[in-house]
Every structure is written in C-alpha cells, then in structure tokens.
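Visitor: Take this structure first; my questions come after.
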There are 2 protein chains.
Amino acid sequence: MFSPLIKELIESLRCLPGVGPKSAQKMALYLLERDSQGADRLAQSLRSALDKVGRCSQCRTLTEDHLCPICADEERNRSRLCIVETPADVIAIESTKQFDGLYFVLLGHLSPIDGIGPEELGLDRLETITQQQGVEEVIIATNSTVEGEATSHYIAQLLKPQGIEVSRIAQGVPMGGELEYVDGNTLALALEGRKKL
Amino acid sequence: MFSPLIKELIESLRCLPGVGPKSAQKMALYLLERDSQGADRLAQSLRSALDKVGRCSQCRTLTEDHLCPICADEERNRSRLCIVETPADVIAIESTKQFDGLYFVLLGHLSPIDGIGPEELGLDRLETITQQQGVEEVIIATNSTVEGEATSHYIAQLLKPQGIEVSRIAQGVPMGGELEYVDGNTLALALEGRKKL
C-alpha cells in the first residue's frame, strides 16, 4: 500500500531500539506529512555523527573530538578512574554528581564466545593509562551481571600488581526496595556486604 | 557530558513522535555504538524520501510516483471513492479488506482557525475527480471528531448536487465494547443509528 521509498523509510526506522512495525509506520508518516524540517535535521545529524564521531583517545567513550568533554576538563581529579561498560553508564554516574574523577569506557564486557577479549575492551590501553598518569584509585562499575562480574574480576587482577587501590561498587538492596520484593541473590549480596553501624 | 554532534543527534531524534529525551539518548548511543549500518541506512532513506516523496496526483496520498500503488491498480473499482483524512487511515481501511474502490486523502480536516479551508484539503480537485471519472458512490470516513464531522458535512453538501450517493461510515458501539464502559455520546449515536433486525 506504500510506495517503495516510504516502505524503505519505515523499514529503516525499525533499526531504532524499541521501534516496531506500527511505530515505524507512524513515525514515517508523521515525518513526511507534518515535520519534514525535523526529518531533514535528523538526516543531517545522523550523517555528520556517522562521519565524524569516533572514540575519545583517552577514555574510549563516543566523541567527535580528540578528547571527550570529561577527559578535556582540567578540573577533574586525574588520580581517580571509574571503569564502566558503556557511554550511557558514564551519564548515569555523572548524574549522581558523586564522582569527580575520569572514566574509562570498555564499550562491552569480556565475552569469549563473541570474540570479545581484553584487547577489544582496550585493557592494554587501560594499563598504560594507569601506569603513566599516576592513577591512585580505580572504581570498577561494570554491570551486576555474570559478564560484568567476570570483567570486574579480570581488571582487578590486572591492576592490583601496580599497587593501585581497586574497588567495586556496592551491591545490595536498592533505595526504596522492600525486602519482601527483593530477589534472593540481591539479598544474599546485601547480607554479605553488610556494614557496621 | 556529550560532545556537540552527539547532543545534536539526540536533539534531532526527538522530532520522532513518542520519543522523549531518555529514549532519544538511548537511540543515539545505540546507533553509534552498535548499529552504524542501520543508522547509515536510516540517514539515506530519510534523505531520499524527503527529496522524492510528494503527493499522488489522483488521491493526494504520499508517494514518490505520479500515481500511488492503489490509484495505479487497474483492478480497483473506480466508481467508488472513500474519503479519509490521512494516509494512515488508508492503511487502516485497507487492512479490513472490505473496500475495493479508490481513496481521496484530505491530509487534514476543515479548521478555519488554522487557515485550513476547502482549498487546502483539495476539495476543488475532489469535485473534478467525481465529475470526470464517473464516481457513483462516495463513502466519507473522516474521524469521529467535531472537525471530522464538520468536514464530512461540508463534503456531503458539495457532492450531493452531482447526484452521487454519499454515505458516512457508521458510528456506534465498537466490537467487544461493553455498554457499561461505552461513553454516553457513543451510546447516543448507537441508539440513533439502530438497524432493523
């Protein structure tokens, strides 16, 4: 019922996460009927982001500059480094305003079955950074998943011999969590990691 | 926390209907981190749709060709015409497989306050089509809103003098609707439009 170009637009909108066939159709018709300016801007910004965005040479997050805004910020504490899996995790931690150091973005986690080893995560680069730049403390904030834990363990073994203080973010009951509804594994971690009052 | 090009991409993704700041951020990072091929395809298809998609010269729906696939289809019954507000409404009616005629897409409804009058809806073109092409029956399927009703009324007045059979799609209780939960206005329309058994 649609002409080929409109069909192709609907199909290609489906690459967006969370967009199914119905939403893609709605989006395509909306853009063509009512917001061709917005569509034009989107096409342009996609094109320039694709052409120019690469990795920060320091922390490996996404940026079109040599250094990302955080690595370029002279005010940040360069002796502390937080290791995360993705650029979105950087945003999540920044939103807490509790960390003033720099980041290192793995862009994934160790997953031998997918061919993702230490090199793909830039761990050789991480070692160089910690050695050369006098990093004193490393906080590992990979996800609380099996792969995230394995990655965390591997990185800890890698950095400890350098005499760096390595820690892992706490695991336990989330804020507002009612014990009745918290799963058993989380509760076990919360008990194990109890703090003296 | 994001570099300018990534910020611009996030901002421009927000032109999509139903996409807020959080989803836009998720989409942008997803495209850049994991699906640059999909993003490239999206940028290309947006560009070509914007450059080439216009209106069907017959029914005014969106298409890049002179005639849309439905108007070009020789099998359709050219004596029946269904009038709808948007291309999405064409899809909705086509999905019922109950209509074999052609469509006429208003691309809106009468709304003097927004400067949308009969000309903007192509009603002069509609008159020409019905006169020249021997249309015998017109079904008005504008939305069941105040504006849709007003538009329907206007079109009926316009076409009746031509001796065309003009009808309006039925209004009433939707399939599976329980009377207890159907609003009063709908129920009033259902009573008024009762059919003899």
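FYI, nothing fancy with the structure tokens labels: chains A, B, ... in order, residues from 1 per chain, ligands from 1 as they appear.
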Report chain B as a CSV table (one decimal) with C-alpha atoms, in the first residue's frame in the frame of chain A, after least-squares superposition over all C-alpha atoms paired in order.

Guide:
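Output (superposed_27.csv):
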chain,number,residue,atom,x,y,z
B,1,MET,CA,-0.1,0.1,0.0
B,2,PHE,CA,3.0,2.3,0.4
B,3,SER,CA,5.3,3.3,-2.4
B,4,PRO,CA,8.8,1.8,-2.3
B,5,LEU,CA,10.6,4.8,-0.8
B,6,ILE,CA,8.1,5.1,2.0
B,7,LYS,CA,8.3,1.4,2.7
B,8,GLU,CA,12.1,1.7,2.8
B,9,LEU,CA,11.9,4.6,5.3
B,10,ILE,CA,9.5,2.5,7.5
B,11,GLU,CA,11.9,-0.5,7.3
B,12,SER,CA,14.9,1.6,8.2
B,13,LEU,CA,13.3,3.3,11.2
B,14,ARG,CA,13.0,-0.1,12.7
B,15,CYS,CA,16.7,-0.2,13.4
B,16,LEU,CA,15.9,2.2,16.3
B,17,PRO,CA,15.7,0.4,19.7
B,18,GLY,CA,12.1,-0.1,20.8
B,19,VAL,CA,10.5,0.8,17.5
B,20,GLY,CA,8.3,-1.9,16.0
B,21,PRO,CA,6.4,-2.0,12.6
B,22,LYS,CA,3.5,0.1,13.9
B,23,SER,CA,5.6,2.9,15.4
B,24,ALA,CA,7.9,2.9,12.4
B,25,GLN,CA,4.9,3.5,10.2
B,26,LYS,CA,3.6,6.2,12.4
B,27,MET,CA,7.0,7.9,12.5
B,28,ALA,CA,7.5,7.8,8.8
B,29,LEU,CA,4.0,9.2,8.0
B,30,TYR,CA,4.5,11.8,10.7
B,31,LEU,CA,7.8,13.0,9.3
B,32,LEU,CA,6.6,13.1,5.7
B,33,GLU,CA,3.2,14.7,6.4
B,34,ARG,CA,4.0,17.1,9.2
B,35,ASP,CA,7.7,17.5,10.0
B,36,SER,CA,9.9,17.5,7.0
B,37,GLN,CA,12.1,20.1,8.7
B,38,GLY,CA,12.7,17.8,11.6
B,39,ALA,CA,13.3,14.9,9.2
B,40,ASP,CA,15.9,16.9,7.3
B,41,ARG,CA,17.7,17.8,10.5
B,42,LEU,CA,17.7,14.2,11.6
B,43,ALA,CA,19.1,13.0,8.3
B,44,GLN,CA,21.8,15.6,8.5
B,45,SER,CA,22.8,15.0,12.1
B,46,LEU,CA,22.8,11.2,11.5
B,47,ARG,CA,25.1,11.7,8.6
B,48,SER,CA,27.6,14.0,10.4
B,49,ALA,CA,27.6,11.9,13.6
B,50,LEU,CA,28.3,8.8,11.4
B,51,ASP,CA,31.1,10.5,9.6
B,52,LYS,CA,32.8,12.2,12.5
B,53,VAL,CA,32.0,10.6,15.8
B,54,GLY,CA,34.7,8.2,16.9
B,55,ARG,CA,36.3,7.3,20.3
B,56,CYS,CA,37.9,9.6,22.9
B,57,SER,CA,41.7,8.8,22.7
B,58,GLN,CA,41.8,8.7,26.5
B,59,CYS,CA,38.7,7.0,27.8
B,60,ARG,CA,37.3,5.4,24.7
B,61,THR,CA,33.8,7.0,25.0
B,62,LEU,CA,32.0,8.3,21.9
B,63,THR,CA,33.0,11.7,20.8
B,64,GLU,CA,34.0,13.6,17.6
B,65,ASP,CA,36.9,15.3,19.3
B,66,HIS,CA,40.3,14.0,20.2
B,67,LEU,CA,39.3,14.1,23.9
B,68,CYS,CA,35.7,13.9,25.2
B,69,PRO,CA,34.4,16.8,27.3
B,70,ILE,CA,35.2,14.9,30.6
B,71,CYS,CA,38.7,14.0,29.7
B,72,ALA,CA,39.3,17.5,28.5
B,73,ASP,CA,38.1,19.1,31.7
B,74,GLU,CA,41.1,20.3,33.7
B,75,GLU,CA,39.0,20.4,36.9
B,76,ARG,CA,38.5,16.6,37.2
B,77,ASN,CA,40.6,14.6,39.6
B,78,ARG,CA,43.0,12.7,37.5
B,79,SER,CA,44.1,10.3,40.3
B,80,ARG,CA,40.7,8.5,40.3
B,81,LEU,CA,39.4,6.4,37.5
B,82,CYS,CA,35.9,4.8,37.1
B,83,ILE,CA,35.6,1.9,34.7
B,84,VAL,CA,32.2,1.4,33.1
B,85,GLU,CA,30.8,-0.7,30.2
B,86,THR,CA,29.1,1.9,28.1
B,87,PRO,CA,28.8,5.7,27.4
B,88,ALA,CA,25.3,5.5,28.9
B,89,ASP,CA,26.8,4.3,32.2
B,90,VAL,CA,29.0,7.4,32.3
B,91,ILE,CA,25.9,9.6,32.0
B,92,ALA,CA,24.2,7.5,34.8
B,93,ILE,CA,27.2,8.0,37.2
B,94,GLU,CA,27.6,11.7,36.2
B,95,SER,CA,24.0,12.3,37.1
B,96,THR,CA,24.8,11.3,40.8
B,97,LYS,CA,27.3,14.2,41.0
B,98,GLN,CA,29.3,12.0,43.4
B,99,PHE,CA,32.3,11.3,41.2
B,100,ASP,CA,34.9,13.9,40.2
B,101,GLY,CA,37.4,11.6,38.5
B,102,LEU,CA,37.9,10.4,35.0
B,103,TYR,CA,36.3,7.4,33.3
B,104,PHE,CA,37.4,4.5,31.2
B,105,VAL,CA,34.7,3.0,28.9
B,106,LEU,CA,35.1,-0.6,28.0
B,107,LEU,CA,32.4,-0.5,25.3
B,108,GLY,CA,31.3,-4.0,26.3
B,109,HIS,CA,32.4,-6.8,28.7
B,110,LEU,CA,34.6,-9.9,28.4
B,111,SER,CA,32.7,-12.4,26.3
B,112,PRO,CA,35.0,-15.0,24.8
B,113,ILE,CA,32.1,-16.6,23.0
B,114,ASP,CA,31.5,-13.4,21.0
B,115,GLY,CA,35.3,-13.0,20.5
B,116,ILE,CA,35.5,-10.1,22.9
B,117,GLY,CA,38.7,-10.4,24.9
B,118,PRO,CA,40.9,-8.0,26.9
B,119,GLU,CA,42.2,-6.3,23.7
B,120,GLU,CA,38.7,-5.5,22.3
B,121,LEU,CA,37.9,-3.8,25.7
B,122,GLY,CA,41.1,-1.8,25.4
B,123,LEU,CA,42.6,-3.2,28.6
B,124,ASP,CA,46.2,-2.8,27.3
B,125,ARG,CA,45.4,0.9,26.9
B,126,LEU,CA,43.9,0.9,30.4
B,127,GLU,CA,47.2,-0.5,31.8
B,128,THR,CA,49.2,2.2,30.1
B,129,ILE,CA,46.9,5.0,31.4
B,130,THR,CA,47.0,3.8,35.0
B,131,GLN,CA,50.8,3.4,34.8
B,132,GLN,CA,51.7,6.7,33.1
B,133,GLN,CA,49.1,9.0,34.6
B,134,GLY,CA,49.5,8.3,38.3
B,135,VAL,CA,46.1,6.9,38.9
B,136,GLU,CA,45.8,6.0,42.6
B,137,GLU,CA,42.2,4.7,42.8
B,138,VAL,CA,40.2,2.7,40.4
B,139,ILE,CA,36.4,2.1,40.9
B,140,ILE,CA,35.0,-0.8,38.8
B,141,ALA,CA,31.4,0.0,37.9
B,142,THR,CA,30.6,-2.7,35.3
B,143,ASN,CA,27.1,-4.2,35.4
B,144,SER,CA,26.0,-6.6,38.1
B,145,THR,CA,25.7,-9.4,35.6
B,146,VAL,CA,27.8,-12.6,35.3
B,147,GLU,CA,29.8,-11.0,32.5
B,148,GLY,CA,30.1,-7.7,34.4
B,149,GLU,CA,31.4,-9.6,37.4
B,150,ALA,CA,33.9,-11.6,35.3
B,151,THR,CA,35.2,-8.4,33.7
B,152,SER,CA,35.5,-6.7,37.0
B,153,HIS,CA,37.5,-9.7,38.4
B,154,TYR,CA,39.8,-9.7,35.4
B,155,ILE,CA,40.5,-6.0,35.7
B,156,ALA,CA,41.1,-6.1,39.4
B,157,GLN,CA,43.8,-8.9,38.9
B,158,LEU,CA,45.3,-6.7,36.2
B,159,LEU,CA,45.6,-3.5,38.2
B,160,LYS,CA,46.4,-4.7,41.7
B,161,PRO,CA,50.0,-5.6,40.9
B,162,GLN,CA,50.5,-1.9,40.1
B,163,GLY,CA,49.7,-1.0,43.7
B,164,ILE,CA,46.5,0.8,42.8
B,165,GLU,CA,43.6,0.8,45.2
B,166,VAL,CA,40.9,-1.1,43.3
B,167,SER,CA,37.3,-1.2,44.4
B,168,ARG,CA,33.9,-2.4,43.1
B,169,ILE,CA,30.7,-0.5,43.5
B,170,ALA,CA,28.4,-1.9,46.3
B,171,GLN,CA,25.8,-4.4,45.6
B,172,GLY,CA,22.7,-4.7,47.8
B,173,VAL,CA,19.1,-3.7,48.3
B,174,PRO,CA,18.2,-0.7,46.1
B,175,MET,CA,16.8,2.6,47.6
B,176,GLY,CA,13.2,2.2,48.4
B,177,GLY,CA,13.4,-1.6,48.0
B,178,GLU,CA,11.2,-3.6,50.2
B,179,LEU,CA,12.9,-6.8,51.4
B,180,GLU,CA,9.7,-8.8,50.6
B,181,TYR,CA,10.1,-8.0,46.9
B,182,VAL,CA,13.9,-8.1,46.6
B,183,ASP,CA,15.2,-11.3,44.9
B,184,GLY,CA,17.3,-13.8,46.9
B,185,ASN,CA,20.6,-13.2,45.1
B,186,THR,CA,20.5,-9.5,45.8
B,187,LEU,CA,19.6,-10.2,49.4
B,188,ALA,CA,22.5,-12.6,49.7
B,189,LEU,CA,24.8,-9.9,48.4
B,190,ALA,CA,23.3,-7.4,50.8
B,191,LEU,CA,24.0,-9.6,53.7
B,192,GLU,CA,27.5,-10.4,52.7
B,193,GLY,CA,28.3,-6.8,52.2
B,194,ARG,CA,26.8,-5.6,55.5
B,195,LYS,CA,28.4,-2.5,57.1
B,196,LYS,CA,29.1,-1.9,60.7
B,197,LEU,CA,26.9,0.8,62.3

Visitor: Report as a PyMOL selection string: the residues of segment 15-52 of chain B with a DSSP assignment of helix (DSSP H, G or I), based on the backbone of this structure.

Guide: chain B and resi 21-34+36-52
